[in-house]
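Engineer: Have a look at this one before I ask anything.
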Amino acid sequence: MDTIEVNTLEDLRKRLGKEKRSFLLIYKKGSEQSDRAYQNLNGAAKDTSDIGIFTADVNQVRDIHPAYFINSAPALLEFAGEEFKNTYKGAHDSSYYKGLFDNAVYVAKAEKEGRKVKQVTVYSTPSCSWCTTLKSYLNKNNIRYTDIDVSKNEGAAREMVRRSGQQGVPQTLIGGETVIGFDKTKINRLLNIQG
């Protein structure tokens with residue numbers, strides 16, 4: 001799927017109404033970090049379908065970023081229908097965007113089938129044994145999640161610390177709520193896992 005450039009807030013809102021899940025990259029063309037985010041987003045979007053992926057260049061579009069209180073670019077905004085859900089700041093690699101898109105496609109399909117699914121993102125490092133334990137537990141319980149290696153993704157690491165105030169991993173974002181470490185009781189409660 002190709003990304004779609006939007007030119008106004010009104011244009012964005014019309015397009016959001018047609019999609020169950022969507023993403024908008026707000027970027028500033030000519031900025032090294034924004035240009036990298038734009039290229040990585042387009043690379044991740046190529047193999048993605050069933051969600052809307054939009055871009056808006058702040059050099060051209062002046063009414064979108066203030067509507068969502070965005071004061072720096074690049075920033076990726078996530079939507080469920082027309083409802084604004086989350087912001088991911090900074091330039092990320094293609095695998096980060098691909099993980100977000102794959103998870104959004106999974107959630108959109110589940111919602112279409114009438115199943116309620118919470119979005120799950122795991123922040124981890126390869127050398128962390130608790131991270132491996134957590135991911136094995138999620139896999140065992142057939143929980144779909146996005147895995148972000150914060151040792152390779154500085155922007156995601158900053159976002160994780162900004163959200164939780166802590167640097168340790170694993171950290172799991174479940175439906176907007178942060179879980180620090182492998183807190184099995186809290187994970188079970190948030191994901192309705194019996195056991």
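Residue names in the structure tokens use chain letters A, B, ... in the order shown, residue numbers from 1 in each chain, and ligand numbers from 1 in the order shown.
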Which polymer residues have any atom within 12 Å of an atom of A:Glu159, counting only C-alpha atoms, with same-chain residues fewer than 2 positions away left out, as number ranges by chain?

Structural biologist: A: 75, 86-92, 123, 148, 150, 153-157, 161-167, 171, 173

Engineer: Could you build a table of the residues in stretch 108-137 of chain A lying no more than 10 Å from stretch 19-35 of chain A, giving for each the nearest pair of atoms and their separation in Å rounded to one decimal place, using only C-alpha atoms, ordered by chain and ascending residue number, as JSON lines?

Structural biologist:
{"residue": "A:Ala108", "atom": "CA", "partner": "A:Lys20", "partner_atom": "CA", "distance": 6.0}
{"residue": "A:Lys109", "atom": "CA", "partner": "A:Lys20", "partner_atom": "CA", "distance": 9.1}
{"residue": "A:Glu111", "atom": "CA", "partner": "A:Lys20", "partner_atom": "CA", "distance": 8.7}
{"residue": "A:Lys112", "atom": "CA", "partner": "A:Lys20", "partner_atom": "CA", "distance": 8.7}

Engineer: Give me a file of those residues, with C-alpha atoms, as a PDB file, in the first residue's frame.

Structural biologist:
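out_23.pdb, freshly written:
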ATOM      1  CA  ALA A 108      -8.797  -4.120  12.849  1.00  0.00           C
ATOM      2  CA  LYS A 109      -9.535  -7.660  11.619  1.00  0.00           C
ATOM      3  CA  GLU A 111     -12.759  -5.911  15.629  1.00  0.00           C
ATOM      4  CA  LYS A 112     -14.393  -6.668  12.273  1.00  0.00           C
TER       5      LYS A 112
END

Engineer: Which residue out of A:Leu41, A:Val6, A:Ile53, A:Val122 has the minimum interatomic distance to A:Asp93 when only C-alpha atoms are used?

Structural biologist: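 Nearest to A:Asp93: A:Leu41.
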
Engineer: From a DSSP calculation on the backbone, collect every residue of stretch 90-181 of chain A in helix (DSSP H, G or I) and output the set as a PyMOL selection string.

Structural biologist: chain A and resi 94-112+129-140+154-164

Engineer: Give me the residues within 9 Å of stretch 127-138 of chain A as a PyMOL selection string, counting only C-alpha atoms and dropping any in the same chain fewer than 5 places off.

Structural biologist: chain A and resi 122+143-145+147+169-171+181-184

Engineer: Go ahead and save the picked residues with N, CA and C atoms, as an mmCIF file, in the first residue's frame.

Structural biologist:
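Output (part-v5.cif):
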data_model
loop_
_atom_site.group_PDB
_atom_site.id
_atom_site.type_symbol
_atom_site.label_atom_id
_atom_site.label_comp_id
_atom_site.auth_asym_id
_atom_site.auth_seq_id
_atom_site.Cartn_x
_atom_site.Cartn_y
_atom_site.Cartn_z
ATOM 1 N N VAL A 122 5.748 -4.557 23.334
ATOM 2 C CA VAL A 122 6.780 -4.960 24.286
ATOM 3 C C VAL A 122 8.064 -4.210 23.950
ATOM 4 N N ILE A 143 -1.130 -14.213 22.296
ATOM 5 C CA ILE A 143 -1.307 -12.760 22.336
ATOM 6 C C ILE A 143 -0.409 -12.148 21.266
ATOM 7 N N ARG A 144 -1.002 -11.423 20.347
ATOM 8 C CA ARG A 144 -0.248 -10.751 19.291
ATOM 9 C C ARG A 144 0.353 -9.468 19.870
ATOM 10 N N TYR A 145 1.618 -9.201 19.579
ATOM 11 C CA TYR A 145 2.271 -8.015 20.125
ATOM 12 C C TYR A 145 3.329 -7.492 19.155
ATOM 13 N N ASP A 147 7.112 -6.132 19.090
ATOM 14 C CA ASP A 147 8.333 -6.168 19.891
ATOM 15 C C ASP A 147 9.279 -5.084 19.399
ATOM 16 N N VAL A 169 13.946 -2.779 31.236
ATOM 17 C CA VAL A 169 13.096 -3.599 30.393
ATOM 18 C C VAL A 169 12.933 -4.963 31.068
ATOM 19 N N PRO A 170 11.873 -5.688 30.761
ATOM 20 C CA PRO A 170 10.852 -5.361 29.775
ATOM 21 C C PRO A 170 9.843 -4.351 30.312
ATOM 22 N N GLN A 171 9.263 -3.627 29.359
ATOM 23 C CA GLN A 171 8.106 -2.804 29.628
ATOM 24 C C GLN A 171 7.081 -3.158 28.562
ATOM 25 N N GLY A 181 8.352 -4.597 33.932
ATOM 26 C CA GLY A 181 8.823 -5.940 34.254
ATOM 27 C C GLY A 181 7.840 -7.009 33.806
ATOM 28 N N PHE A 182 8.046 -8.218 34.298
ATOM 29 C CA PHE A 182 7.141 -9.331 33.982
ATOM 30 C C PHE A 182 6.170 -9.478 35.153
ATOM 31 N N ASP A 183 5.182 -8.594 35.192
ATOM 32 C CA ASP A 183 4.157 -8.594 36.233
ATOM 33 C C ASP A 183 2.999 -9.451 35.721
ATOM 34 N N LYS A 184 3.115 -10.755 35.962
ATOM 35 C CA LYS A 184 2.167 -11.724 35.407
ATOM 36 C C LYS A 184 0.728 -11.438 35.840
#

Engineer: Could you write out, as a ChimeraX atom specification, all the residues of chain A that DSSP marks as strand (DSSP E or B)?

Structural biologist: /A:4-5,21-27,52-57,75-80,83-89,120-124,146-149,171-174,177-180

Engineer: Give me the residues near A:His65 as a list in words, where near means some atom within 10 Å (using only C-alpha atoms) and where sequence neighbours in that chain fewer than 5 positions away do not count.

Structural biologist: Leu9, Ile26, Tyr27, Ala56, Asp57, Val58, Ile70, Asn71, Ser72, Ala73, Ala75 and Leu77 of chain A

Engineer: Could you state the separation of atom CA of A:Tyr68 and atom CA of A:Gly176 in Å, given to one decimal place?

Structural biologist: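 Those two atoms sit 17.5 Å apart.
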